[in-house]
Amino acid sequence: MAKTEEIYVTKQGLEDMKHELEVLQQEKRPAVIEALKEARALGDLSENAEYDAARSEQAEIEAKIANLTQMIENAVVITNADTDAVSIGNTVKIEYVEDGEVDTYTIVGSTEADPFENRISNESPIAQAIFGLKVGQTAKVASPNGEYEVKVMEIS
């Protein structure tokens, strides 16, 4: 049996996934089943746009349910991250050495990453470069636009 990949999430992220799964199973799935029944009642299924749309929606919902179920089963909840060195779950203030610009990022699992909220994936180039570093240490970050250096200013 192949080993499945662990999915790193915060406690809130896991709760959000469970809630989404519940909504899909208890609300959306029954609604699409009802839409299928109504479309079947219209007659000839070969030229029934409502039936085709309902089947397509059903396939989408079932795929989402399967994906969420797998993610929940493989979830590893991020707990009390160590603040001595950068790790998943930390909020890290970094300085871009070249221009002195400072940014703060929270390192989360890939399913919760949101760059607009400064939540970066543990798989991102910055997170991978600074993983394990302590305050004051620097790292080179390899990116598609070239390499740059960052310094860890604060870990919380």
# chains A, B, ... in the order shown; residues from 1 in each chain; ligands from 1
call {"tool": "select_by_dssp", "arguments": {"residues": "region 69-134 of chain A", "states": "strand (DSSP E or B)", "output": "CSV table (one decimal) with N, CA and C atoms, in the first residue's frame"}}
result
chain,number,residue,atom,x,y,z
A,75,ALA,N,-4.4,14.6,7.7
A,75,ALA,CA,-4.1,15.8,8.3
A,75,ALA,C,-3.2,15.6,9.5
A,76,VAL,N,-2.2,16.5,9.6
A,76,VAL,CA,-1.3,16.6,10.8
A,76,VAL,C,-1.5,18.0,11.3
A,77,VAL,N,-2.1,18.1,12.5
A,77,VAL,CA,-2.4,19.4,13.1
A,77,VAL,C,-1.1,20.0,13.6
A,91,THR,N,5.2,32.3,13.0
A,91,THR,CA,5.1,33.6,12.3
A,91,THR,C,6.5,34.2,12.4
A,92,VAL,N,7.0,34.5,11.2
A,92,VAL,CA,8.4,34.9,11.1
A,92,VAL,C,8.5,36.3,10.4
A,93,LYS,N,9.3,37.2,11.1
A,93,LYS,CA,9.6,38.5,10.5
A,93,LYS,C,11.0,38.3,9.8
A,94,ILE,N,11.0,38.7,8.5
A,94,ILE,CA,12.3,38.5,7.7
A,94,ILE,C,12.6,39.9,7.1
A,95,GLU,N,13.9,40.1,6.9
A,95,GLU,CA,14.3,41.3,6.2
A,95,GLU,C,15.0,40.8,4.9
A,96,TYR,N,14.6,41.5,3.8
A,96,TYR,CA,15.2,41.2,2.5
A,96,TYR,C,16.5,42.0,2.5
A,102,VAL,N,11.1,44.7,5.1
A,102,VAL,CA,10.8,43.7,6.1
A,102,VAL,C,9.3,43.2,5.9
A,103,ASP,N,9.2,41.9,5.9
A,103,ASP,CA,7.8,41.3,5.8
A,103,ASP,C,7.7,40.3,6.9
A,104,THR,N,6.4,40.0,7.3
A,104,THR,CA,6.1,39.0,8.3
A,104,THR,C,5.2,38.0,7.6
A,105,TYR,N,5.6,36.7,7.8
A,105,TYR,CA,4.8,35.6,7.2
A,105,TYR,C,4.5,34.6,8.3
A,106,THR,N,3.4,33.9,8.2
A,106,THR,CA,3.0,32.8,9.0
A,106,THR,C,3.2,31.6,8.1
A,107,ILE,N,4.0,30.6,8.5
A,107,ILE,CA,4.3,29.4,7.7
A,107,ILE,C,3.2,28.3,8.1
A,108,VAL,N,2.4,28.0,7.1
A,108,VAL,CA,1.3,27.0,7.2
A,108,VAL,C,1.5,25.9,6.2
A,114,ASP,N,-2.2,31.5,1.9
A,114,ASP,CA,-2.9,32.6,1.4
A,114,ASP,C,-2.0,33.8,1.3
A,119,ARG,N,0.2,34.3,4.6
A,119,ARG,CA,0.3,32.9,5.1
A,119,ARG,C,0.9,32.1,4.0
A,120,ILE,N,2.2,31.7,4.2
A,120,ILE,CA,2.9,31.0,3.1
A,120,ILE,C,3.0,29.5,3.4
A,121,SER,N,3.1,28.8,2.3
A,121,SER,CA,3.2,27.3,2.4
A,121,SER,C,4.6,26.9,2.9
call {"tool": "residues_around", "arguments": {"residues": "Ala142 (chain A)", "least_positions_apart": "6", "cutoff": "12 Å", "atoms": "only C-alpha atoms", "output": "MDAnalysis selection string"}}
result
chainID A and resid 124:130 148:150
call {"tool": "write_last_selection", "arguments": {"atoms": "C-alpha atoms", "output": "PDB file, in the first residue's frame"}}
result
ATOM      1  CA  SER A 124       7.349  27.773  -0.685  1.00  0.00           C
ATOM      2  CA  PRO A 125      10.916  28.818  -1.560  1.00  0.00           C
ATOM      3  CA  ILE A 126      11.122  31.307   1.334  1.00  0.00           C
ATOM      4  CA  ALA A 127       9.820  28.847   3.932  1.00  0.00           C
ATOM      5  CA  GLN A 128      12.140  26.109   2.720  1.00  0.00           C
ATOM      6  CA  ALA A 129      15.137  28.443   2.791  1.00  0.00           C
ATOM      7  CA  ILE A 130      14.566  29.707   6.349  1.00  0.00           C
ATOM      8  CA  TYR A 148      18.062  36.686  -3.051  1.00  0.00           C
ATOM      9  CA  GLU A 149      19.028  36.729   0.613  1.00  0.00           C
ATOM     10  CA  VAL A 150      16.782  37.080   3.665  1.00  0.00           C
TER      11      VAL A 150
END
call {"tool": "residues_around", "arguments": {"residues": "region 59-68 of chain A", "least_positions_apart": "3", "cutoff": "12 Å", "atoms": "only C-alpha atoms", "output": "VMD selection string"}}
result
chain A and resid 7 13 to 33 36 52 to 56 71 to 75 111
call {"tool": "residues_around", "arguments": {"residues": "Ser156 (chain A)", "least_positions_apart": "3", "cutoff": "9 Å", "atoms": "only C-alpha atoms", "output": "list in words"}}
result
Ala81, Asp82, Thr83, Asp84, Val86, Gly89, Asn90, Thr91, Val92 and Lys93 of chain A
call {"tool": "select_by_dssp", "arguments": {"residues": "region 56-98 of chain A", "states": "alpha helix (DSSP H)", "output": "JSON, numbers by chain"}}
result
{"A": [56, 57, 58, 59, 60, 61, 62, 63, 64, 65, 66, 67, 68, 69, 70, 71, 72, 73]}
call {"tool": "atom_distance", "arguments": {"atom1": "CA of Lys140 (chain A)", "atom2": "CA of Ile78 (chain A)"}}
result
25.8 Å
call {"tool": "atom_distance", "arguments": {"atom1": "CA of Lys151 (chain A)", "atom2": "CA of Gln137 (chain A)"}}
result
5.7 Å
call {"tool": "atom_distance", "arguments": {"atom1": "CA of Val152 (chain A)", "atom2": "CA of Gly136 (chain A)"}}
result
5.4 Å
